[in-house]
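A.B. asks: Contents of final-v3.tsv (TSV, C-alpha atoms and all ligand atoms):
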```tsv
chain	number	residue	atom	x	y	z
A	1	MET	CA	103.64	-96.31	-29.23
A	2	LEU	CA	101.62	-99.32	-28.18
A	3	ALA	CA	97.95	-99.38	-29.10
A	4	THR	CA	97.01	-99.50	-25.39
A	5	GLU	CA	99.11	-96.40	-24.63
A	6	ARG	CA	97.51	-94.57	-27.54
A	7	LYS	CA	94.11	-95.25	-26.04
A	8	GLU	CA	95.08	-94.06	-22.56
A	9	ARG	CA	95.46	-90.50	-23.78
A	10	SER	CA	92.88	-89.50	-26.29
A	11	VAL	CA	93.82	-87.23	-29.19
A	12	VAL	CA	92.39	-83.73	-29.55
A	13	VAL	CA	92.94	-82.04	-32.92
A	14	ILE	CA	92.82	-78.25	-32.86
A	15	LYS	CA	92.51	-76.24	-36.05
A	16	CYS	CA	93.73	-72.71	-35.68
A	17	GLY	CA	92.40	-70.32	-38.30
A	18	GLY	CA	94.35	-67.60	-40.04
A	19	SER	CA	91.73	-65.12	-38.84
A	20	ILE	CA	93.02	-65.40	-35.28
A	21	ILE	CA	96.46	-67.02	-35.40
A	22	ASN	CA	98.27	-63.70	-34.89
A	23	GLU	CA	96.00	-62.64	-32.02
A	24	LEU	CA	95.85	-65.71	-29.79
A	25	THR	CA	95.68	-64.63	-26.15
A	26	ASP	CA	97.23	-65.91	-22.92
A	27	ASP	CA	93.86	-67.54	-22.18
A	28	PHE	CA	94.19	-69.62	-25.33
A	29	PHE	CA	97.67	-70.86	-24.42
A	30	GLN	CA	96.55	-71.47	-20.83
A	31	SER	CA	93.65	-73.62	-22.08
A	32	LEU	CA	96.06	-75.50	-24.32
A	33	SER	CA	98.38	-76.25	-21.38
A	34	VAL	CA	95.42	-77.55	-19.34
A	35	LEU	CA	94.22	-79.72	-22.22
A	36	LYS	CA	97.70	-81.11	-22.79
A	37	GLN	CA	97.89	-82.45	-19.23
A	38	ASN	CA	95.46	-85.26	-20.10
A	39	HIS	CA	95.33	-85.41	-23.86
A	40	HIS	CA	97.55	-85.69	-26.89
A	41	VAL	CA	97.15	-82.41	-28.77
A	42	VAL	CA	97.76	-81.95	-32.49
A	43	ILE	CA	97.42	-78.52	-34.12
A	44	VAL	CA	96.59	-77.91	-37.78
A	45	HIS	CA	96.73	-74.29	-38.87
A	46	GLY	CA	95.68	-72.09	-41.74
A	47	GLY	CA	96.83	-68.59	-42.58
A	48	GLY	CA	94.55	-67.22	-45.31
A	49	PRO	CA	94.99	-63.53	-44.32
A	50	ASP	CA	98.80	-63.88	-44.14
A	51	ILE	CA	98.85	-65.53	-47.57
A	52	ALA	CA	96.64	-62.74	-48.95
A	53	GLU	CA	98.89	-60.05	-47.52
A	54	THR	CA	102.03	-61.53	-49.08
A	55	LEU	CA	100.29	-62.08	-52.43
A	56	ASN	CA	99.14	-58.45	-52.39
A	57	GLY	CA	102.66	-57.27	-51.60
A	58	LEU	CA	103.94	-59.23	-54.59
A	59	ASN	CA	101.10	-58.01	-56.83
A	60	ILE	CA	99.93	-61.57	-57.44
A	61	GLN	CA	96.17	-61.84	-58.00
A	62	THR	CA	94.17	-64.75	-56.58
A	63	GLU	CA	90.55	-65.68	-56.50
A	64	PHE	CA	88.44	-68.20	-54.62
A	65	VAL	CA	86.17	-70.82	-56.12
A	66	GLU	CA	83.65	-72.09	-53.55
A	67	GLY	CA	85.91	-71.11	-50.67
A	68	LEU	CA	89.08	-72.61	-52.16
A	69	ARG	CA	91.96	-70.45	-53.38
A	70	LYS	CA	92.83	-70.94	-57.06
A	71	THR	CA	96.45	-71.97	-56.80
A	72	SER	CA	98.85	-71.40	-59.69
A	73	ASP	CA	102.52	-72.38	-59.46
A	74	GLU	CA	103.30	-68.82	-58.36
A	75	VAL	CA	100.58	-68.82	-55.69
A	76	LEU	CA	101.68	-72.25	-54.46
A	77	ASN	CA	105.20	-70.89	-53.85
A	78	VAL	CA	103.75	-68.15	-51.67
A	79	VAL	CA	101.46	-70.57	-49.79
A	80	GLN	CA	104.45	-72.83	-49.11
A	81	MET	CA	106.58	-69.90	-47.95
A	82	VAL	CA	103.94	-68.25	-45.77
A	83	LEU	CA	102.14	-71.26	-44.26
A	84	GLY	CA	105.11	-73.61	-43.93
A	85	GLY	CA	107.51	-70.78	-43.03
A	86	LYS	CA	106.36	-67.65	-41.24
A	87	VAL	CA	103.02	-68.80	-39.85
A	88	ASN	CA	104.18	-72.26	-38.77
A	89	LYS	CA	107.42	-71.10	-37.14
A	90	THR	CA	105.81	-68.11	-35.43
A	91	PHE	CA	103.25	-70.46	-33.90
A	92	VAL	CA	105.94	-72.87	-32.68
A	93	THR	CA	107.85	-70.02	-31.01
A	94	LYS	CA	104.69	-68.77	-29.29
A	95	LEU	CA	104.05	-72.26	-27.96
A	96	PHE	CA	107.66	-72.43	-26.76
A	97	LYS	CA	107.24	-69.09	-24.93
A	98	ASN	CA	104.18	-70.61	-23.27
A	99	LYS	CA	106.20	-73.65	-22.17
A	100	ILE	CA	104.54	-76.00	-24.65
A	101	LYS	CA	106.93	-78.26	-26.56
A	102	ALA	CA	106.02	-78.18	-30.24
A	103	VAL	CA	107.37	-79.41	-33.57
A	104	GLY	CA	106.39	-77.47	-36.68
A	105	LEU	CA	105.74	-79.48	-39.82
A	106	SER	CA	104.28	-78.91	-43.24
A	107	GLY	CA	101.85	-81.58	-44.35
A	108	CYS	CA	104.49	-82.81	-46.82
A	109	ASP	CA	107.00	-83.57	-44.03
A	110	GLY	CA	107.03	-87.32	-43.47
A	111	ALA	CA	104.20	-87.38	-46.04
A	112	ILE	CA	101.78	-86.63	-43.20
A	113	LEU	CA	99.13	-85.14	-45.47
A	114	GLN	CA	98.99	-87.30	-48.56
A	115	ALA	CA	96.75	-85.60	-51.05
A	116	ARG	CA	95.43	-85.71	-54.58
A	117	GLN	CA	94.82	-82.75	-56.81
A	118	ILE	CA	91.17	-81.73	-57.15
A	119	GLN	CA	90.45	-82.34	-60.81
A	120	ASP	CA	87.97	-79.60	-61.58
A	121	GLY	CA	90.10	-77.90	-64.22
A	122	LYS	CA	89.86	-74.54	-62.39
A	123	LEU	CA	91.59	-74.69	-59.04
A	124	GLY	CA	95.16	-75.58	-60.04
A	125	PHE	CA	97.35	-76.99	-57.28
A	126	VAL	CA	94.60	-77.52	-54.71
A	127	GLY	CA	94.40	-80.86	-52.96
A	128	GLU	CA	92.09	-83.06	-50.96
A	129	VAL	CA	93.61	-85.35	-48.34
A	130	SER	CA	93.71	-89.02	-49.31
A	131	HIS	CA	95.68	-90.40	-46.34
A	132	VAL	CA	97.18	-89.18	-43.06
A	133	GLU	CA	100.47	-90.75	-41.96
A	134	SER	CA	99.67	-91.15	-38.29
A	135	ASN	CA	102.77	-93.02	-37.06
A	136	LEU	CA	105.07	-90.00	-37.22
A	137	LEU	CA	102.48	-87.95	-35.33
A	138	TYR	CA	102.13	-90.64	-32.65
A	139	SER	CA	105.94	-90.74	-32.24
A	140	LEU	CA	105.97	-87.01	-31.53
A	141	LEU	CA	102.97	-87.20	-29.22
A	142	GLU	CA	104.59	-90.04	-27.29
A	143	GLN	CA	107.59	-87.77	-26.62
A	144	GLY	CA	105.35	-85.00	-25.31
A	145	TYR	CA	105.44	-82.76	-28.39
A	146	VAL	CA	102.53	-80.95	-29.94
A	147	PRO	CA	102.81	-81.42	-33.72
A	148	VAL	CA	101.92	-78.15	-35.48
A	149	ILE	CA	100.96	-78.92	-39.07
A	150	SER	CA	100.48	-76.43	-41.91
A	151	SER	CA	97.87	-77.46	-44.47
A	152	ILE	CA	100.22	-78.26	-47.35
A	153	GLY	CA	99.64	-81.68	-48.83
A	154	MET	CA	101.74	-83.74	-51.21
A	155	ASP	CA	100.67	-86.15	-53.93
A	156	GLU	CA	102.29	-89.48	-54.79
A	157	ASN	CA	104.71	-87.75	-57.19
A	158	GLY	CA	105.93	-85.27	-54.60
A	159	GLN	CA	103.83	-82.41	-55.99
A	160	LEU	CA	102.85	-79.97	-53.22
A	161	LEU	CA	99.17	-79.09	-53.01
A	162	ASN	CA	97.34	-76.29	-51.21
A	163	VAL	CA	94.75	-77.81	-48.88
A	164	ASN	CA	92.03	-75.88	-47.07
A	165	ALA	CA	93.06	-75.94	-43.41
A	166	ASP	CA	89.58	-76.83	-42.07
A	167	VAL	CA	89.51	-79.84	-44.39
A	168	ALA	CA	93.08	-80.80	-43.42
A	169	ALA	CA	92.15	-80.69	-39.72
A	170	GLY	CA	89.13	-82.94	-40.32
A	171	ALA	CA	91.34	-85.44	-42.14
A	172	VAL	CA	93.94	-85.44	-39.35
A	173	ALA	CA	91.20	-85.98	-36.76
A	174	LYS	CA	89.90	-88.95	-38.72
A	175	GLY	CA	93.40	-90.34	-39.38
A	176	LEU	CA	94.30	-90.23	-35.68
A	177	GLN	CA	90.85	-91.36	-34.56
A	178	ALA	CA	90.71	-88.24	-32.43
A	179	GLU	CA	88.17	-87.99	-29.67
A	180	ARG	CA	87.68	-84.27	-30.16
A	181	LEU	CA	88.09	-81.80	-33.01
A	182	LEU	CA	88.13	-78.11	-32.17
A	183	PHE	CA	88.09	-75.15	-34.56
A	184	ILE	CA	89.65	-72.03	-33.07
A	185	THR	CA	88.57	-68.93	-34.91
A	186	ASP	CA	87.78	-65.22	-34.48
A	187	VAL	CA	84.23	-65.69	-33.16
A	188	LYS	CA	82.89	-67.45	-30.05
A	189	GLY	CA	81.27	-70.17	-32.11
A	190	VAL	CA	78.28	-70.33	-34.42
A	191	LEU	CA	76.23	-67.18	-33.84
A	192	LYS	CA	72.64	-66.36	-34.69
A	193	ASP	CA	71.51	-62.74	-34.27
A	194	GLY	CA	74.73	-62.18	-32.36
A	195	GLU	CA	73.96	-64.93	-29.81
A	196	LEU	CA	76.17	-68.01	-29.36
A	197	LEU	CA	74.48	-71.31	-30.25
A	198	GLU	CA	76.00	-73.67	-27.69
A	199	THR	CA	74.85	-76.96	-29.19
A	200	LEU	CA	73.88	-77.83	-32.73
A	201	THR	CA	72.77	-81.09	-34.26
A	202	VAL	CA	73.63	-82.06	-37.81
A	203	LYS	CA	70.09	-81.22	-38.94
A	204	GLU	CA	70.26	-77.79	-37.30
A	205	VAL	CA	73.57	-77.09	-39.06
A	206	GLU	CA	71.96	-78.00	-42.37
A	207	ARG	CA	69.03	-75.66	-41.68
A	208	LEU	CA	71.28	-72.76	-40.63
A	209	ILE	CA	73.22	-73.07	-43.90
A	210	ASP	CA	69.95	-73.07	-45.88
A	211	GLU	CA	68.74	-70.01	-43.94
A	212	GLN	CA	72.10	-68.31	-44.65
A	213	VAL	CA	72.77	-67.83	-40.94
A	214	ILE	CA	75.97	-69.82	-41.46
A	215	THR	CA	77.90	-68.29	-44.35
A	216	GLY	CA	81.44	-67.68	-45.67
A	217	GLY	CA	84.35	-69.16	-43.75
A	218	MET	CA	82.01	-70.81	-41.22
A	219	ILE	CA	80.65	-73.17	-43.91
A	220	PRO	CA	83.82	-75.31	-44.37
A	221	LYS	CA	84.12	-75.56	-40.57
A	222	VAL	CA	80.62	-76.87	-39.96
A	223	LYS	CA	80.72	-79.12	-43.04
A	224	THR	CA	84.04	-80.59	-41.92
A	225	ALA	CA	82.61	-80.95	-38.41
A	226	VAL	CA	79.64	-82.90	-39.70
A	227	SER	CA	81.66	-85.20	-41.92
A	228	ALA	CA	84.20	-85.87	-39.13
A	229	LEU	CA	81.56	-87.03	-36.64
A	230	SER	CA	81.73	-90.74	-35.91
A	231	SER	CA	81.26	-93.17	-33.06
A	232	SER	CA	84.73	-92.24	-31.75
A	233	LEU	CA	84.43	-88.50	-32.45
A	234	GLU	CA	81.10	-87.53	-30.95
A	235	ASN	CA	81.55	-83.76	-30.64
A	236	VAL	CA	83.19	-81.10	-32.74
A	237	TYR	CA	83.63	-77.65	-31.20
A	238	ILE	CA	84.02	-74.18	-32.65
A	239	ALA	CA	85.48	-71.63	-30.25
A	240	SER	CA	87.32	-68.32	-30.00
A	241	GLY	CA	91.10	-67.92	-29.83
A	242	THR	CA	90.79	-64.83	-27.65
A	243	SER	CA	89.33	-66.51	-24.58
A	244	SER	CA	89.58	-69.83	-22.72
A	245	PHE	CA	88.35	-72.73	-24.79
A	246	CYS	CA	88.15	-75.24	-21.96
A	247	ASN	CA	87.32	-75.40	-18.27
A	248	GLU	CA	86.80	-78.17	-15.69
A	249	GLN	CA	83.58	-79.19	-17.45
A	250	GLY	CA	85.27	-79.59	-20.84
A	251	LEU	CA	85.44	-77.61	-24.05
A	252	ILE	CA	83.61	-74.29	-24.52
A	253	GLY	CA	81.98	-72.86	-27.67
A	254	THR	CA	79.52	-74.34	-30.14
A	255	SER	CA	79.34	-78.10	-29.89
A	256	ILE	CA	78.15	-79.98	-32.99
A	257	LYS	CA	76.94	-83.55	-32.55
A	258	TYR	CA	74.45	-86.07	-33.84
A	259	ASP	CA	70.95	-85.83	-32.47
A	260	THR	CA	70.94	-89.26	-30.84
A	261	LYS	CA	67.28	-88.93	-29.76
A	262	SER	CA	66.07	-88.70	-33.35
A	263	LYS	CA	68.47	-91.49	-34.44
A	264	GLU	CA	70.18	-88.97	-36.74
A	265	CYS	CA	73.42	-90.83	-36.11
A	266	ASN	CA	72.10	-93.93	-37.83
A	267	ASP	CA	71.90	-92.23	-41.17
A	268	GLU	CA	75.53	-91.36	-41.82
A	269	ARG	CA	75.15	-91.52	-45.59
A	270	VAL	CA	72.60	-88.72	-45.66
A	271	ILE	CA	74.50	-86.67	-43.09
A	272	SER	CA	77.78	-86.72	-44.98
A	273	ASN	CA	76.04	-85.35	-48.07
A	274	ILE	CA	75.10	-81.95	-46.66
B	1	LIG	N1	76.67	-67.99	-38.21
B	1	LIG	C1	77.93	-67.58	-38.07
B	1	LIG	N2	78.48	-67.50	-36.85
B	1	LIG	C2	79.74	-67.08	-36.67
B	1	LIG	N3	80.56	-66.72	-37.68
B	1	LIG	C3	80.09	-66.78	-38.94
B	1	LIG	C4	78.76	-67.24	-39.19
B	1	LIG	N4	78.56	-67.20	-40.53
B	1	LIG	C5	79.69	-66.75	-41.08
B	1	LIG	N5	80.63	-66.49	-40.14
B	1	LIG	C6	81.96	-65.96	-40.43
B	1	LIG	O1	82.92	-66.98	-40.32
B	1	LIG	C7	84.15	-66.35	-39.91
B	1	LIG	C8	85.15	-67.40	-39.49
B	1	LIG	O2	85.65	-68.05	-40.65
B	1	LIG	P1	87.07	-67.64	-41.28
B	1	LIG	O3	87.16	-66.16	-41.43
B	1	LIG	O4	87.29	-68.47	-42.49
B	1	LIG	O5	88.02	-68.05	-40.08
B	1	LIG	P2	89.36	-68.92	-39.95
B	1	LIG	O6	90.46	-68.13	-40.58
B	1	LIG	O7	89.48	-69.00	-38.46
B	1	LIG	O8	89.15	-70.25	-40.60
B	1	LIG	C9	83.69	-65.37	-38.85
B	1	LIG	O9	84.60	-64.34	-38.60
B	1	LIG	C10	82.38	-64.86	-39.45
B	1	LIG	O10	82.63	-63.70	-40.21
B	2	LIG	C1	92.88	-74.30	-50.97
B	2	LIG	C2	92.85	-73.17	-49.98
B	2	LIG	O1	91.96	-72.34	-50.05
B	2	LIG	N1	93.81	-73.15	-49.07
B	2	LIG	C3	93.90	-72.13	-48.04
B	2	LIG	C4	94.91	-72.62	-47.01
B	2	LIG	C5	94.97	-71.75	-45.79
B	2	LIG	C6	93.69	-71.77	-44.98
B	2	LIG	O2	92.80	-72.59	-45.15
B	2	LIG	O3	93.65	-70.80	-44.01
B	2	LIG	P1	92.45	-70.36	-43.10
B	2	LIG	O4	92.26	-71.41	-42.08
B	2	LIG	O5	92.92	-69.08	-42.51
B	2	LIG	O6	91.23	-70.17	-43.95
B	2	LIG	C7	94.37	-70.77	-48.65
B	2	LIG	O7	95.14	-70.77	-49.62
B	2	LIG	O8	93.99	-69.74	-48.09
```
Write the structure described by the file as structure tokens, please.
C.D. replies:
Amino acid sequence: MLATERKERSVVVIKCGGSIINELTDDFFQSLSVLKQNHHVVIVHGGGPDIAETLNGLNIQTEFVEGLRKTSDEVLNVVQMVLGGKVNKTFVTKLFKNKIKAVGLSGCDGAILQARQIQDGKLGFVGEVSHVESNLLYSLLEQGYVPVISSIGMDENGQLLNVNADVAAGAVAKGLQAERLLFITDVKGVLKDGELLETLTVKEVERLIDEQVITGGMIPKVKTAVSALSSSLENVYIASGTSSFCNEQGLIGTSIKYDTKSKECNDERVISNI
């Protein structure tokens, strides 16, 4: 695709969480169809609950260290089977039923998600993304397909690595210079006392983590959101997969952005450290 053509249609990366991937509603697919009319859409998905269910069925124990699943060889096999197999292909078929052309890929296909193993001595085969191979994704987008990527990375020796799907989505958004990044999950967005917070600045996100209003699985989402913000990606959204996530005005949910008034955006080094 020519650089000019790439610019004509901006890229929206949507991360679909395992918490909701089996319960996506017609409204979700309808929103996706609307979005696809004017944008290139790339989906990155997780599948934590599906992985857990299969591990339980096989009597394989796992634990999490700071939100990341410790991944032995045995666990990696299950992650590969569940994320790259069942979850990915089920998603592609649902998109097909909703008249959306999609191609399912694991991050290792075409070396899309190039990764390196996190060297903490505890996590095993867990990776962080070092490079995203964008040309293959652009080729698919150019032909009208939605690439659907499972968060399995591969290192330079061909070793598969389990990558947190929020982190993988952030890396894909950066690699494709996406204009929008959207996290679809099982809540309407970031909530405080049950109320949706429609807009959050980076500083507010930091405070809500400190105050333990943002906890658990919401932490990697907001942290990835903050580190993905740039001059080309000005807003990251968190929204529900059980209702519409866009309307004529744009995307719906919690929008995270720099506080331009306080010149927050000029201090990227500090921001990326939260
Ligand atoms: N302030 C908050 N607002 C909304 N959800 C929150 C908040 N803090 C923690 N969460 C939790 O984050 C969960 C979403 O993260 P997670 O379960 O990892 O979803 P996914 O599988 O979609 O990545 C919510 O279901 C909720 O339990
Ligand atoms: C390293 C690591 O923790 N990988 C995740 C990958 C799936 C994921 O992130 O799924 P969700 O989006 O549903 O959380 C895992 O094994 O569960």
A.B. asks: Could you tell me, counting only C-alpha atoms and all ligand atoms, which protein and nucleic acid residues lie no more than 9 Å from ligand LIG 1 (chain B), written as an NGL selection string?
C.D. replies: :A and (15-21 or 45-49 or 67 or 165-166 or 183-197 or 208-209 or 212-221 or 240-241)
A.B. asks: What is the atom CA of Val82 of chain A-atom CA of Gly107 of chain A distance in Å, reported with one decimal?
C.D. replies: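 Those two atoms sit 13.6 Å apart.
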A.B. asks: Between A:Ser231, A:Thr199, A:Gln61, A:Asn162, which is the closest to Val129 of chain A once you count all atoms listed in the file?
C.D. replies: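 Under the stated criterion, the closest residue is A:Asn162.
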A.B. asks: Could you pull the residues within 9 Å of Val205 of chain A, counting all atoms listed in the file, minus those fewer than 2 positions along the same chain, as a PDB file with C-alpha atoms, in the coordinates of the input?
C.D. replies:
```pdb
ATOM      1  CA  LEU A 200      73.880 -77.830 -32.730  1.00  0.00           C
ATOM      2  CA  THR A 201      72.770 -81.090 -34.260  1.00  0.00           C
ATOM      3  CA  VAL A 202      73.630 -82.060 -37.810  1.00  0.00           C
ATOM      4  CA  LYS A 203      70.090 -81.220 -38.940  1.00  0.00           C
ATOM      5  CA  ARG A 207      69.030 -75.660 -41.680  1.00  0.00           C
ATOM      6  CA  LEU A 208      71.280 -72.760 -40.630  1.00  0.00           C
ATOM      7  CA  ILE A 209      73.220 -73.070 -43.900  1.00  0.00           C
ATOM      8  CA  ASP A 210      69.950 -73.070 -45.880  1.00  0.00           C
ATOM      9  CA  ILE A 214      75.970 -69.820 -41.460  1.00  0.00           C
ATOM     10  CA  VAL A 222      80.620 -76.870 -39.960  1.00  0.00           C
ATOM     11  CA  LYS A 223      80.720 -79.120 -43.040  1.00  0.00           C
ATOM     12  CA  VAL A 226      79.640 -82.900 -39.700  1.00  0.00           C
ATOM     13  CA  ILE A 256      78.150 -79.980 -32.990  1.00  0.00           C
TER      14      ILE A 256
END
```
A.B. asks: Let me make sure I understand: among A:Leu181, A:Ala169, A:Val41, A:Lys257, which one has the smallest atom-to-atom distance to Ala239 of chain A if we use all atoms listed in the file?
C.D. replies: A:Leu181
A.B. asks: Got a sec: who's within 10 Å of segment 73-80 of chain A, counting all atoms listed in the file, leaving out chain neighbours fewer than 4 positions off, as a PyMOL selection string?
C.D. replies: chain A and resi 47-48+50-52+54-55+58+60-62+69+84-86+106+124-126+150-152+160-163
A.B. asks: For the atom pair atom CA of Val44 of chain A and atom CA of Ile149 of chain A, what is the interatomic distance in Å to one decimal place?
C.D. replies: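 Computed distance, atom CA of Val44 of chain A to atom CA of Ile149 of chain A, equals 4.7 Å.
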A.B. asks: Padding of 8 Å on every side, edges along x, y and z, all listed atoms of segment 131-138 of chain A included: what centre and edge lengths in Å, to one decimal, does that box have, as lines of an AutoDock Vina configuration file?
C.D. replies:
```
center_x = 100.4
center_y = -90.5
center_z = -39.5
size_x = 25.4
size_y = 21.1
size_z = 29.7
```
A.B. asks: One decimal, in Å: what's the spacing between atom CA of Asp120 of chain A and atom C1 of ligand LIG 2 (chain B)?
C.D. replies: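 Pair atom CA of Asp120 of chain A / atom C1 of ligand LIG 2 (chain B) returns 12.8 Å.
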A.B. asks: Smallest atom-to-atom distance to Arg180 of chain A: which of A:Ser72, A:Gln249, A:Thr90, A:Ser230, using only C-alpha atoms?
C.D. replies: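 The closest residue to Arg180 of chain A is A:Ser230.
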A.B. asks: Please identify all polymer residues within 9 Å of Gln30 of chain A, counting only C-alpha atoms, omitting same-chain residues fewer than 5 positions from it, and present them as a list in words.
C.D. replies: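 Once the adjacent positions are removed, what remains is Thr25, Leu35, Asn98 and Ser244 of chain A.
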A.B. asks: Could you tell me which of A:Leu251, A:Ile118, A:Val11, A:Val65 comes closest to Leu137 of chain A if we count only C-alpha atoms?
C.D. replies: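 Using only C-alpha atoms, the shortest distance to Leu137 of chain A belongs to A:Val11.
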A.B. asks: Go through A:Val167, A:Cys108, A:Ala225, A:Tyr145 and flag the residue nearest ligand LIG 2 (chain B), using all atoms listed in the file for the distances.
C.D. replies: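 Closest to ligand LIG 2 (chain B) of all the choices is A:Val167.
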A.B. asks: Nearest to ligand LIG 2 (chain B): which of A:Ser31, A:Gln114, A:Asn22, A:Thr254 is it, counting all atoms listed in the file?
C.D. replies: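 Of A:Ser31, A:Gln114, A:Asn22, A:Thr254, the one nearest ligand LIG 2 (chain B) is A:Asn22, counting all atoms listed in the file.
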